[in-house]
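Okay, query_28.cif now, which holds mmCIF, C-alpha atoms:
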```cif
data_my_file
#
loop_
_atom_site.label_atom_id
_atom_site.label_comp_id
_atom_site.auth_asym_id
_atom_site.auth_seq_id
_atom_site.Cartn_x
_atom_site.Cartn_y
_atom_site.Cartn_z
CA MET A 21 0.00 0.00 0.00
CA LEU A 22 2.88 2.34 0.84
CA ALA A 23 4.31 1.55 -2.57
CA CYS A 24 1.02 2.55 -4.19
CA VAL A 25 0.93 5.83 -2.27
CA TRP A 26 4.57 6.46 -3.25
CA LEU A 27 3.79 5.73 -6.91
CA LEU A 28 0.79 8.09 -6.88
CA THR A 29 2.74 10.85 -5.15
CA ILE A 30 6.13 10.58 -6.83
CA GLY A 31 4.99 9.10 -10.10
CA GLY A 32 3.36 12.35 -11.15
CA CYS A 33 -0.22 11.06 -11.02
CA ALA A 34 -2.42 13.93 -12.18
CA MET A 35 -6.11 14.58 -11.54
CA PRO A 36 -8.19 13.50 -14.53
CA GLN A 37 -9.14 16.39 -16.80
CA PRO A 38 -12.62 16.90 -18.34
CA TRP A 39 -12.48 14.69 -21.41
CA VAL A 40 -15.62 16.00 -23.17
CA LYS A 41 -15.07 19.63 -24.16
CA PRO A 42 -17.95 22.13 -24.00
CA HIS A 43 -18.17 22.33 -27.82
CA GLU A 44 -18.61 18.53 -27.92
CA ARG A 45 -21.75 18.61 -25.75
CA GLU A 46 -24.19 19.93 -28.35
CA ARG A 47 -25.97 16.58 -28.74
CA LEU A 48 -26.45 16.27 -24.99
CA ALA A 49 -28.64 19.40 -24.98
CA ASP A 50 -31.23 17.80 -27.27
CA PRO A 51 -34.64 17.37 -25.56
CA ILE A 52 -34.59 13.61 -26.22
CA LEU A 53 -31.53 13.33 -23.96
CA GLN A 54 -33.15 14.96 -20.93
CA TRP A 55 -33.92 12.76 -17.93
CA GLN A 56 -37.27 14.37 -17.32
CA GLY A 57 -39.81 14.63 -20.11
CA ASP A 58 -42.48 17.28 -20.27
CA LEU A 59 -43.19 18.54 -16.76
CA LEU A 60 -46.92 17.89 -16.40
CA SER A 61 -46.72 14.59 -18.25
CA SER A 62 -43.97 13.34 -15.90
CA LYS A 63 -45.86 14.60 -12.87
CA ASN A 64 -49.06 12.80 -13.92
CA SER A 65 -47.28 9.50 -14.71
CA GLN A 66 -45.41 9.65 -11.42
CA HIS A 67 -48.58 10.41 -9.46
CA VAL A 68 -50.34 7.40 -11.01
CA ARG A 69 -47.44 5.14 -9.90
CA ASP A 70 -46.95 6.66 -6.45
CA ILE A 71 -50.51 5.91 -5.39
CA ARG A 72 -50.48 2.31 -6.70
CA GLU A 73 -47.00 1.16 -5.77
CA GLY A 74 -45.30 0.78 -2.41
CA ALA A 75 -41.97 2.19 -3.65
CA ARG A 76 -41.33 5.90 -4.01
CA GLY A 77 -38.56 8.43 -4.42
CA ALA A 78 -35.34 9.01 -6.38
CA ASN A 79 -37.26 9.84 -9.55
CA GLY A 80 -36.48 13.51 -9.78
CA VAL A 81 -40.16 14.40 -9.93
CA GLN A 82 -41.71 16.33 -7.06
CA GLY A 83 -45.15 15.07 -6.18
CA GLY A 84 -47.82 16.53 -4.02
CA GLY A 85 -51.04 15.68 -2.30
CA CYS A 86 -52.58 12.32 -1.89
CA GLY A 87 -55.57 11.36 -4.03
CA CYS A 88 -54.57 7.87 -3.02
CA LYS A 89 -57.65 6.05 -1.83
CA MET B 216 8.85 49.68 11.63
CA ALA B 217 6.74 46.88 13.01
CA ALA B 218 3.64 49.08 12.68
CA SER B 219 4.39 49.80 9.04
CA ARG B 220 4.83 46.06 8.36
CA VAL B 221 1.44 45.38 9.97
CA LEU B 222 -0.12 48.22 7.94
CA SER B 223 1.44 46.89 4.76
CA GLY B 224 0.18 43.42 5.56
CA LEU B 225 -3.32 44.77 6.16
CA GLN B 226 -3.23 46.62 2.85
CA ARG B 227 -2.21 43.45 1.03
CA ALA B 228 -4.99 41.53 2.79
CA VAL B 229 -7.57 44.18 1.81
CA HIS B 230 -6.35 44.15 -1.78
CA SER B 231 -6.49 40.36 -1.87
CA LEU B 232 -10.01 40.37 -0.44
CA ALA B 233 -11.09 43.03 -2.94
CA ALA B 234 -9.60 41.01 -5.79
CA LEU B 235 -11.36 37.88 -4.54
CA ILE B 236 -14.73 39.65 -4.24
CA GLY B 237 -14.19 41.28 -7.62
CA GLY B 238 -13.39 37.91 -9.10
CA VAL B 239 -16.50 36.38 -7.61
CA PHE B 240 -18.74 39.11 -9.04
CA ALA B 241 -16.91 39.07 -12.36
CA ALA B 242 -17.40 35.32 -12.56
CA HIS B 243 -21.01 35.83 -11.47
CA GLY B 244 -21.62 38.22 -14.31
CA ALA B 245 -19.62 36.27 -16.85
CA LYS B 246 -21.05 32.79 -16.41
CA ALA B 247 -24.09 31.32 -14.79
CA ALA B 248 -25.81 27.97 -14.92
CA PRO B 249 -28.68 28.19 -17.42
CA LEU B 250 -32.15 28.79 -16.07
CA PRO B 251 -34.89 26.45 -17.27
CA PRO B 252 -36.43 27.82 -20.50
CA ASP B 253 -39.63 29.87 -20.48
CA ARG B 254 -42.45 27.45 -21.04
CA ALA B 255 -46.18 26.85 -20.86
CA GLU B 256 -48.03 23.52 -20.75
CA ALA B 257 -51.74 22.74 -20.76
CA MET B 258 -52.86 19.13 -20.33
CA TYR B 259 -55.89 16.93 -20.04
CA HIS B 260 -55.13 13.63 -18.25
CA ARG B 261 -57.27 10.58 -17.66
CA TYR B 262 -56.61 7.39 -15.70
CA SER B 263 -59.08 4.55 -16.12
CA GLY B 264 -58.91 1.05 -14.67
CA GLY B 265 -59.91 -1.21 -11.79
CA GLY B 266 -63.17 0.67 -11.26
CA VAL B 267 -61.40 4.02 -10.83
CA THR B 268 -61.56 6.95 -13.21
CA SER B 269 -59.51 10.03 -12.52
CA ASP B 270 -59.25 12.92 -14.93
CA GLY B 271 -58.83 16.65 -15.13
CA PRO B 272 -56.88 19.58 -16.52
CA ALA B 273 -53.42 20.75 -15.54
CA LEU B 274 -51.65 24.00 -16.34
CA LEU B 275 -48.06 25.17 -15.96
CA VAL B 276 -46.42 28.50 -16.83
CA ARG B 277 -42.74 29.38 -16.36
CA LYS B 278 -41.17 32.77 -17.04
CA SER B 279 -37.70 34.13 -16.33
CA LEU B 280 -37.06 37.58 -14.96
CA ALA B 281 -33.84 39.45 -15.80
CA ASP B 282 -32.09 36.15 -16.68
CA LYS B 283 -31.48 35.49 -12.97
CA VAL B 284 -34.76 34.17 -11.66
CA SER B 285 -37.40 31.94 -13.19
CA LEU B 286 -40.89 31.72 -11.70
CA THR B 287 -43.20 28.74 -12.20
CA GLY B 288 -46.87 28.41 -11.37
CA GLN B 289 -48.92 25.26 -11.78
CA PHE B 290 -52.42 23.98 -11.22
CA TYR B 291 -53.48 20.33 -11.30
CA VAL B 292 -56.91 18.75 -10.91
CA ASP B 293 -57.90 15.13 -10.19
CA ALA B 294 -61.62 14.42 -10.45
CA VAL B 295 -61.90 10.90 -9.02
CA SER B 296 -64.75 8.43 -9.40
CA ASN B 297 -63.87 5.45 -7.24
CA ALA B 298 -65.49 2.03 -7.38
CA SER B 299 -62.29 0.02 -6.91
CA VAL B 300 -62.34 -3.55 -5.60
CA ASP B 301 -61.62 -2.60 -1.97
CA VAL B 302 -64.18 0.22 -2.09
CA VAL B 303 -67.01 -1.89 -3.51
CA THR B 304 -66.32 -4.81 -1.13
CA THR B 305 -66.01 -2.77 2.08
CA ALA B 306 -67.59 0.66 1.45
CA SER B 307 -69.61 2.65 -1.08
CA PRO B 308 -68.40 4.09 -4.39
CA TYR B 309 -67.80 7.83 -4.26
CA LYS B 310 -66.72 10.85 -6.29
CA GLU B 311 -64.44 13.64 -5.19
CA ARG B 312 -62.09 16.25 -6.56
CA ARG B 313 -58.51 17.15 -5.65
CA ASN B 314 -56.97 20.54 -6.52
CA GLU B 315 -53.25 21.16 -6.32
CA PHE B 316 -51.46 24.49 -6.64
CA GLY B 317 -47.71 24.98 -6.85
CA ILE B 318 -45.29 27.88 -7.11
CA GLY B 319 -41.60 27.52 -7.89
CA LEU B 320 -38.61 29.82 -8.11
CA ASP B 321 -35.32 28.98 -9.85
CA TYR B 322 -32.26 31.13 -9.22
CA ALA B 323 -28.98 30.80 -11.15
CA VAL B 324 -25.78 31.82 -9.40
CA ARG B 325 -22.37 31.03 -10.89
CA ASP B 326 -22.42 27.29 -11.76
CA ALA B 327 -25.30 26.51 -9.45
CA ASN B 328 -29.06 26.46 -9.81
CA ILE B 329 -31.20 26.88 -6.69
CA ALA B 330 -34.85 25.87 -6.85
CA LEU B 331 -37.46 26.64 -4.21
CA GLY B 332 -41.00 25.30 -4.37
CA VAL B 333 -44.22 25.25 -2.39
CA SER B 334 -47.31 23.20 -3.16
CA SER B 335 -50.73 22.77 -1.64
CA SER B 336 -53.18 19.98 -2.41
CA LYS B 337 -56.72 19.77 -1.11
CA GLU B 338 -59.53 17.24 -1.35
CA PRO B 339 -62.59 16.88 0.90
CA ASP B 340 -60.83 14.67 3.49
CA TYR B 341 -57.11 15.25 2.90
CA LYS B 342 -54.94 18.36 2.79
CA ALA B 343 -51.22 18.28 1.94
CA ASP B 344 -48.75 21.18 1.99
CA ALA B 345 -45.09 20.89 1.06
CA PHE B 346 -41.99 23.04 0.79
CA SER B 347 -38.87 22.01 -1.12
CA VAL B 348 -35.40 23.33 -1.86
CA ASP B 349 -33.00 21.83 -4.41
CA VAL B 350 -29.48 22.91 -5.34
CA ALA B 351 -27.64 21.67 -8.46
CA GLN B 352 -23.96 22.53 -8.84
CA GLU B 353 -21.90 21.95 -11.98
CA THR B 354 -18.33 20.89 -11.38
CA PHE B 355 -15.39 19.20 -13.11
CA GLY B 356 -15.50 21.54 -16.09
CA GLY B 357 -19.26 21.17 -16.39
CA MET B 358 -19.05 17.39 -16.87
CA THR B 359 -20.48 16.53 -13.47
CA THR B 360 -23.58 17.94 -11.83
CA VAL B 361 -24.11 17.31 -8.13
CA SER B 362 -27.56 17.93 -6.68
CA LEU B 363 -28.94 18.09 -3.16
CA GLY B 364 -32.58 18.46 -2.21
CA PHE B 365 -34.98 18.52 0.71
CA THR B 366 -38.76 18.47 0.95
CA ARG B 367 -40.84 18.94 4.06
CA GLY B 368 -44.50 17.97 3.89
CA ALA B 369 -47.35 18.38 6.37
CA ASP B 370 -50.73 16.70 5.83
CA LYS B 371 -54.10 16.88 7.53
CA VAL B 372 -55.92 13.56 7.42
CA GLY B 373 -59.70 13.49 7.53
CA GLN B 374 -62.76 11.33 7.16
CA ARG B 375 -66.04 12.42 5.65
CA SER B 376 -68.01 11.77 8.83
CA LEU B 377 -65.38 13.19 11.24
CA GLY B 378 -63.58 15.99 9.45
CA TYR B 379 -59.83 16.29 10.01
CA PHE B 380 -58.86 13.98 12.86
CA ASP B 381 -55.07 13.44 12.55
CA GLN B 382 -51.94 14.60 10.74
CA ALA B 383 -48.87 13.24 8.95
CA LYS B 384 -45.44 14.74 8.36
CA HIS B 385 -42.89 13.87 5.71
CA TRP B 386 -39.16 14.57 5.30
CA GLN B 387 -37.42 13.82 2.01
CA TYR B 388 -33.64 14.10 1.57
CA ARG B 389 -32.10 13.49 -1.85
CA VAL B 390 -28.67 13.57 -3.40
CA GLY B 391 -27.73 12.92 -7.02
CA VAL B 392 -24.85 12.94 -9.47
CA THR B 393 -25.14 13.29 -13.25
CA GLN B 394 -22.01 12.54 -15.25
CA ILE B 395 -21.24 13.20 -18.92
CA LEU B 396 -19.61 9.96 -20.09
CA THR B 397 -18.98 10.77 -23.75
CA PRO B 398 -20.24 13.42 -26.21
CA ARG B 399 -23.31 11.18 -26.60
CA TRP B 400 -23.92 9.44 -23.28
CA LEU B 401 -24.97 10.54 -19.78
CA ALA B 402 -25.33 8.56 -16.56
CA SER B 403 -26.81 9.46 -13.20
CA ALA B 404 -27.22 8.05 -9.71
CA ASN B 405 -29.87 9.38 -7.32
CA LEU B 406 -30.45 8.42 -3.70
CA GLU B 407 -33.47 9.56 -1.72
CA ALA B 408 -34.35 8.95 1.92
CA ILE B 409 -37.91 9.55 3.07
CA ALA B 410 -39.15 9.62 6.66
CA ASP B 411 -42.85 9.78 7.54
CA SER B 412 -44.62 10.11 10.83
CA GLY B 413 -48.24 10.42 11.89
CA TYR B 414 -51.33 8.77 10.45
CA LEU B 415 -50.07 6.74 7.48
CA GLY B 416 -53.09 4.52 6.87
CA ASN B 417 -56.52 4.99 5.37
CA PRO B 418 -59.54 5.44 7.66
CA TYR B 419 -61.88 3.84 5.09
CA ARG B 420 -59.84 0.69 4.51
CA ALA B 421 -60.60 -2.61 6.25
CA ALA B 422 -58.21 -5.47 7.00
CA ARG B 423 -59.26 -9.11 7.48
CA VAL B 424 -58.43 -11.12 10.59
CA PHE B 425 -59.76 -14.69 10.85
CA GLY B 426 -62.06 -13.80 7.94
CA ALA B 427 -63.64 -10.83 9.70
CA ALA B 428 -63.31 -7.22 8.57
CA VAL B 429 -61.48 -4.98 11.05
CA PRO B 430 -60.09 -1.43 10.72
CA GLU B 431 -56.51 -1.50 9.43
CA ASN B 432 -53.74 -0.42 11.78
CA VAL B 433 -50.34 0.59 10.38
CA PRO B 434 -47.28 1.95 12.22
CA ARG B 435 -47.11 5.72 12.73
CA THR B 436 -43.55 5.96 11.37
CA ARG B 437 -41.93 4.80 8.16
CA SER B 438 -38.40 5.21 6.87
CA SER B 439 -37.48 4.36 3.29
CA ARG B 440 -34.59 4.58 0.82
CA ALA B 441 -34.48 4.50 -2.96
CA LEU B 442 -31.47 4.31 -5.26
CA ASN B 443 -32.00 5.03 -8.95
CA LEU B 444 -29.33 4.42 -11.61
CA ARG B 445 -29.95 5.77 -15.10
CA VAL B 446 -28.17 5.98 -18.42
CA ILE B 447 -29.23 7.76 -21.62
CA GLY B 448 -27.49 8.11 -24.96
CA ASP B 449 -27.72 9.43 -28.49
CA LEU B 450 -27.63 6.58 -31.03
CA GLY B 451 -26.62 8.88 -33.87
CA SER B 452 -29.69 8.74 -36.14
CA ARG B 453 -31.69 11.49 -34.41
CA ASP B 454 -32.70 8.86 -31.87
CA ALA B 455 -31.91 8.07 -28.25
CA LEU B 456 -32.01 5.08 -25.91
CA ARG B 457 -32.44 5.17 -22.13
CA GLY B 458 -32.49 2.68 -19.29
CA SER B 459 -32.89 2.79 -15.55
CA TYR B 460 -33.00 0.58 -12.48
CA ARG B 461 -34.34 1.57 -9.06
CA TYR B 462 -34.05 -0.39 -5.84
CA PHE B 463 -36.34 0.57 -2.97
CA TRP B 464 -36.37 -0.66 0.62
CA ASP B 465 -37.96 0.48 3.87
CA ASN B 466 -38.38 -0.46 7.52
CA TRP B 467 -41.82 -1.95 6.82
CA ASP B 468 -39.93 -4.69 4.92
CA VAL B 469 -41.17 -3.55 1.52
CA LYS B 470 -38.54 -4.17 -1.14
CA ALA B 471 -39.07 -3.25 -4.77
CA HIS B 472 -37.24 -3.34 -8.08
CA THR B 473 -38.12 -1.09 -11.03
CA PHE B 474 -36.68 -1.58 -14.51
CA GLU B 475 -37.38 0.79 -17.38
CA ALA B 476 -36.13 1.12 -20.96
CA GLY B 477 -37.19 3.67 -23.56
CA TYR B 478 -36.45 4.78 -27.10
CA SER B 479 -37.06 8.19 -28.75
CA ARG B 480 -36.77 9.11 -32.41
CA TYR B 481 -37.39 12.18 -34.55
CA VAL B 482 -39.38 11.48 -37.70
CA GLY B 483 -39.14 14.19 -40.34
CA GLU B 484 -38.96 17.77 -39.17
CA SER B 485 -42.15 17.81 -37.14
CA PHE B 486 -42.63 14.53 -35.30
CA LEU B 487 -41.02 12.96 -32.25
CA LEU B 488 -41.97 9.40 -31.27
CA ASP B 489 -41.24 7.82 -27.89
CA GLY B 490 -41.88 4.36 -26.51
CA PHE B 491 -40.99 2.63 -23.25
CA VAL B 492 -41.48 -0.54 -21.23
CA ARG B 493 -41.43 -0.69 -17.45
CA HIS B 494 -41.41 -3.60 -15.03
CA TYR B 495 -42.11 -3.26 -11.30
CA ARG B 496 -41.81 -6.01 -8.67
CA GLN B 497 -42.48 -5.75 -4.94
CA ASP B 498 -42.31 -7.86 -1.78
CA LYS B 499 -44.96 -7.27 0.88
CA ALA B 500 -44.74 -5.31 4.10
CA SER B 501 -44.20 -7.40 7.23
CA PHE B 502 -47.70 -6.61 8.58
CA TYR B 503 -49.58 -7.08 5.29
CA SER B 504 -52.02 -9.96 5.21
CA ASP B 505 -54.80 -10.97 2.88
CA ASP B 506 -56.50 -12.66 5.84
CA ALA B 507 -54.44 -12.66 9.06
CA GLN B 508 -54.52 -15.92 11.01
CA VAL B 509 -52.76 -14.57 14.10
CA GLN B 510 -53.53 -11.59 16.31
CA GLN B 511 -51.02 -8.85 15.55
CA THR B 512 -50.65 -5.22 16.53
CA PHE B 513 -50.35 -3.93 13.00
CA VAL B 514 -52.39 -5.32 10.15
CA THR B 515 -53.33 -4.02 6.73
CA ARG B 516 -54.92 -5.29 3.55
CA ASN B 517 -53.74 -2.33 1.51
CA ARG B 518 -52.74 -4.13 -1.69
CA GLN B 519 -50.19 -1.35 -2.38
CA LEU B 520 -48.21 -3.00 0.45
CA GLY B 521 -48.75 -6.57 -0.79
CA THR B 522 -46.76 -8.82 -3.10
CA TYR B 523 -47.26 -8.04 -6.78
CA ASP B 524 -45.70 -7.12 -10.06
CA GLY B 525 -46.67 -4.64 -12.72
CA ASN B 526 -45.85 -4.03 -16.36
CA THR B 527 -46.33 -0.82 -18.32
CA LEU B 528 -46.15 -0.20 -22.05
CA GLY B 529 -46.17 3.44 -23.09
CA GLY B 530 -45.97 5.56 -26.21
CA LYS B 531 -45.99 9.23 -27.07
CA VAL B 532 -46.29 11.31 -30.24
CA SER B 533 -45.23 14.97 -30.37
CA TYR B 534 -46.00 17.20 -33.32
CA SER B 535 -44.20 20.52 -33.74
CA TRP B 536 -46.96 22.79 -35.03
CA ARG B 537 -45.23 26.17 -35.17
CA LYS B 538 -41.54 26.85 -34.73
CA VAL B 539 -39.53 30.04 -35.11
CA PRO B 540 -35.94 29.20 -34.08
CA GLY B 541 -34.76 31.40 -31.24
CA GLN B 542 -38.28 32.73 -30.58
CA TYR B 543 -40.92 30.09 -29.87
CA GLU B 544 -42.13 26.55 -30.56
CA ILE B 545 -45.59 25.10 -30.06
CA LYS B 546 -46.11 21.34 -29.87
CA PHE B 547 -49.15 19.07 -29.66
CA ASN B 548 -48.59 15.88 -27.70
CA GLY B 549 -50.47 12.66 -27.08
CA ALA B 550 -49.32 9.90 -24.72
CA LEU B 551 -50.86 6.57 -23.75
CA GLU B 552 -49.73 4.10 -21.09
CA MET B 553 -51.17 0.63 -20.61
CA LEU B 554 -50.65 -0.82 -17.12
CA ARG B 555 -51.24 -4.26 -15.67
CA TYR B 556 -50.71 -5.27 -12.03
CA ARG B 557 -50.95 -8.87 -10.80
CA TYR B 558 -51.35 -9.39 -7.05
CA SER B 559 -50.05 -12.62 -5.53
CA ASP B 560 -51.66 -12.31 -2.10
CA TYR B 561 -54.72 -10.11 -2.54
CA THR B 562 -57.96 -12.00 -3.05
CA ASP B 563 -60.84 -10.49 -4.97
CA LEU B 564 -63.61 -11.13 -2.42
CA ARG B 565 -66.24 -11.08 -5.18
CA ASN B 566 -64.92 -14.28 -6.81
CA GLY B 567 -62.16 -15.67 -4.55
CA SER B 568 -59.44 -15.33 -7.21
CA PRO B 569 -56.11 -13.47 -6.97
CA TYR B 570 -56.80 -9.90 -8.03
CA SER B 571 -55.32 -8.29 -11.14
CA LEU B 572 -55.78 -4.84 -12.54
CA SER B 573 -55.54 -3.38 -16.06
CA ALA B 574 -55.58 0.36 -16.58
CA SER B 575 -54.76 3.08 -19.08
CA VAL B 576 -53.34 6.56 -18.70
CA LEU B 577 -54.09 9.09 -21.44
CA GLN B 578 -52.42 12.49 -21.69
CA LEU B 579 -53.31 15.11 -24.31
CA TYR B 580 -51.36 18.33 -23.99
CA VAL B 581 -49.92 21.40 -25.65
CA THR B 582 -46.46 22.78 -24.85
CA ALA B 583 -44.94 26.11 -25.81
CA ASN B 584 -41.36 27.29 -25.41
CA TYR B 585 -40.98 31.04 -25.85
#
```

Exercise: express the given structure as structure tokens:
Amino acid sequence: MLACVWLLTIGGCAMPQPWVKPHERERLADPILQWQGDLLSSKNSQHVRDIREGARGANGVQGGGCGCK
Amino acid sequence: MAASRVLSGLQRAVHSLAALIGGVFAAHGAKAAPLPPDRAEAMYHRYSGGGVTSDGPALLVRKSLADKVSLTGQFYVDAVSNASVDVVTTASPYKERRNEFGIGLDYAVRDANIALGVSSSKEPDYKADAFSVDVAQETFGGMTTVSLGFTRGADKVGQRSLGYFDQAKHWQYRVGVTQILTPRWLASANLEAIADSGYLGNPYRAARVFGAAVPENVPRTRSSRALNLRVIGDLGSRDALRGSYRYFWDNWDVKAHTFEAGYSRYVGESFLLDGFVRHYRQDKASFYSDDAQVQQTFVTRNRQLGTYDGNTLGGKVSYSWRKVPGQYEIKFNGALEMLRYRYSDYTDLRNGSPYSLSASVLQLYVTANY
């Protein structure tokens, strides 16, 4: 382990640099590459699932209310 | 001599501080995380299945002010007609309406975006208010976005014959990382912890013990975790593929797996098609029972806490009706989801068979970016 630390310190190990430049990110801005679709559509789909499934959370969609009977 | 050295040191410190503050404001003015685009959405949604119909309009408007702040207002209606299997076997069908209002504020500062939101939802026997704050910070040359969020909810729980009789509180803590992998692929990991306390059951729902109907009784606290891993990428022909997996677990012994995969593709200049499949699988809560054969403190027959799986098939068509690049775009959208849930340990008391449910979700909506 000491050898590894020595290699990292003395061996000139550099922090990784951003490997995708800003001008290469044009495709990533396309709407079809967004995690969340249209806001109300995502909210409605999530609400339907939240009130019928025991699992919840980590979806990136904020819910509200109950309507769950 | 010593005094002059101290004075000189103070001057250098003041200059350094001024340079630092100047740099901060210069950076502030020069670069900021983008605010969400100005947008309006109007939707009609309808859920139908298992004896339940729920439909209504929803509206959302978002507008930025001075390129620093973006305000969002939204309104959402659920008009519910409920004759589901547990309602018709233990109570009477009913109709009711839920209205939800929300206001949000997004603020961009340097490489961060801060979002504040409040929402209020009201139906005849349930009222829910929530406040949330989320911060997203770009780092590593803009290739990594780290996000932190918190939501605090407070509910009033009621019953038609009693009015409001109890309350529930909710705390949600979330953290996420989105990473640019290549010029075409993104990945993210999100973790959310949710804690609930108060009345977490349903005053209308009955459990069964030794074949007899009794009021359900669920614990007054619940603590859950969810981890969601996602990846999305451009396939190079104006199309994209996405996939996700979520694992959920809580201290009621519910464990669930969710798998989802989707594909989007532009067709011509005006159409965007999207399709997805989703599979959900869940193990029951420790106190869930279709018909309990032992006396126990907590007991429920809420099938949402039972053992079941569900499959969803969904599709969406978007049509770009009017588009002036750099000014506005108006789209018409239609989406349909077909759902099917199969319950392993929930008996349909009308026929004695394991219960299953088929349903559809329809969304018709217009969106405008401006």

Hey, what comes out of the PyMOL selection byres ((chain B) within 6 of (chain A)) on this file? Could you write it as a PDB file with C-alpha atoms, keeping the file's coordinate frame?
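This went into selection22.pdb:
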```pdb
ATOM      1  CA  SER B 336     -53.180  19.980  -2.410  1.00  0.00           C
ATOM      2  CA  ALA B 343     -51.220  18.280   1.940  1.00  0.00           C
ATOM      3  CA  GLY B 356     -15.500  21.540 -16.090  1.00  0.00           C
ATOM      4  CA  PRO B 398     -20.240  13.420 -26.210  1.00  0.00           C
ATOM      5  CA  ASN B 405     -29.870   9.380  -7.320  1.00  0.00           C
ATOM      6  CA  LEU B 406     -30.450   8.420  -3.700  1.00  0.00           C
ATOM      7  CA  GLU B 407     -33.470   9.560  -1.720  1.00  0.00           C
ATOM      8  CA  ALA B 441     -34.480   4.500  -2.960  1.00  0.00           C
ATOM      9  CA  ASN B 443     -32.000   5.030  -8.950  1.00  0.00           C
ATOM     10  CA  PHE B 463     -36.340   0.570  -2.970  1.00  0.00           C
ATOM     11  CA  GLN B 519     -50.190  -1.350  -2.380  1.00  0.00           C
ATOM     12  CA  LEU B 520     -48.210  -3.000   0.450  1.00  0.00           C
TER      13      LEU B 520
END
```

- Would you mind reading off the distance between CA of Arg461 in chain B and CA of Thr473 in chain B, one decimal, in Å? 5.0 Å

- Item | Gly477 in chain B environment, 12 Å, all atoms listed in the file, sequence neighbours closer than 6 positions dropped, as a PyMOL selection string | (chain A and resi 52-53+55+57) or (chain B and resi 445-448+454-459+488-494+527-531)

- Task: Within 12 Å of Gly378 in chain B, counting all atoms listed in the file, which residues show up once you throw out same-chain ones fewer than 2 positions away? Write them as a list in words, please.
- Result: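 Contacts, in chain order: Glu338, Pro339, Asp340, Tyr341, Lys342, Lys371, Val372, Gly373, Gln374, Arg375, Ser376, Phe380, Asp381, Gln382 and Pro418 of chain B.
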
- List, as a ChimeraX atom specification, every residue that the PyMOL selection byres ((chain B and resi 344) around 6) selects in the file provided. /B:334-335,343,345,368-369

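We find CA of Val295 in chain B and CA of Ala273 in chain B to be spaced 14.5 Å apart.
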
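The point (-39.0, 13.2, 0.2) has these residues within 9 Å of it when all atoms listed in the file are used: Arg76, Gly77, Ala78 and Gln82 of chain A; Ser347, Gly364, Phe365, Thr366, Arg367, Gly368, His385, Trp386, Gln387, Tyr388, Arg389, Glu407, Ala408, Ile409, Ala410 and Asp411 of chain B.
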
- Take CA of Asn432 in chain B and CA of Arg420 in chain B and report the distance between them in Å, one decimal.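 These atoms are spaced 9.6 Å apart.
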
- Message: I'd like the residues picked by the PyMOL selection byres ((chain B and resi 300) around 8) written out as a VMD selection string, using the chain letters and numbers from the file.
- Response: chain B and resid 265 to 266 298 to 299 301 to 304 563

- Query: What lies within 10 Å of Thr436 in chain B using all atoms listed in the file, ignoring chain neighbours under 4 positions off, as an MDAnalysis selection string?
  - Reply: chainID B and resid 383:385 410:415 466:467

- Message: Applying 9 Å and only C-alpha atoms, which residues near Thr359 in chain B remain after dropping the ones on its own chain fewer than 4 positions away? List them as a PyMOL selection string.
- Response: chain B and resi 352-355+392-395

- Item | Spatial sel., origin (-44.5, -10.9, -1.5), limit 8 Å, all atoms listed in the file, listed as a PyMOL selection string | chain B and resi 497-500+521-523+559-560

- For Ala574 in chain B, which residue among B:Ala248, B:Gly264, B:Gly357, B:Gln289 is the nearest when counting all atoms listed in the file?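 Of all the options, B:Gly264 lies closest to Ala574 in chain B.
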
Reconstruct range 49-57 of chain A at the level of N, CA and C atoms, and format the result as a tab-separated table (two decimals), keeping the file's coordinate frame.
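rebuild35.tsv was written with the following content:
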```tsv
chain	number	residue	atom	x	y	z
A	49	ALA	N	-27.62	18.40	-25.30
A	49	ALA	CA	-28.64	19.40	-24.98
A	49	ALA	C	-29.96	19.11	-25.67
A	50	ASP	N	-29.99	18.11	-26.55
A	50	ASP	CA	-31.23	17.80	-27.27
A	50	ASP	C	-32.31	17.34	-26.28
A	51	PRO	N	-33.57	17.77	-26.50
A	51	PRO	CA	-34.64	17.37	-25.56
A	51	PRO	C	-34.77	15.86	-25.38
A	52	ILE	N	-34.40	15.06	-26.40
A	52	ILE	CA	-34.59	13.61	-26.22
A	52	ILE	C	-33.52	13.01	-25.32
A	53	LEU	N	-32.54	13.83	-24.89
A	53	LEU	CA	-31.53	13.33	-23.96
A	53	LEU	C	-31.70	13.92	-22.57
A	54	GLN	N	-32.89	14.45	-22.28
A	54	GLN	CA	-33.15	14.96	-20.93
A	54	GLN	C	-33.77	13.84	-20.09
A	55	TRP	N	-33.39	13.80	-18.81
A	55	TRP	CA	-33.92	12.76	-17.93
A	55	TRP	C	-35.43	12.91	-17.80
A	56	GLN	N	-35.86	14.13	-17.58
A	56	GLN	CA	-37.27	14.37	-17.32
A	56	GLN	C	-37.94	14.81	-18.61
A	57	GLY	N	-39.05	14.21	-18.93
A	57	GLY	CA	-39.81	14.63	-20.11
A	57	GLY	C	-40.55	15.91	-19.83
```
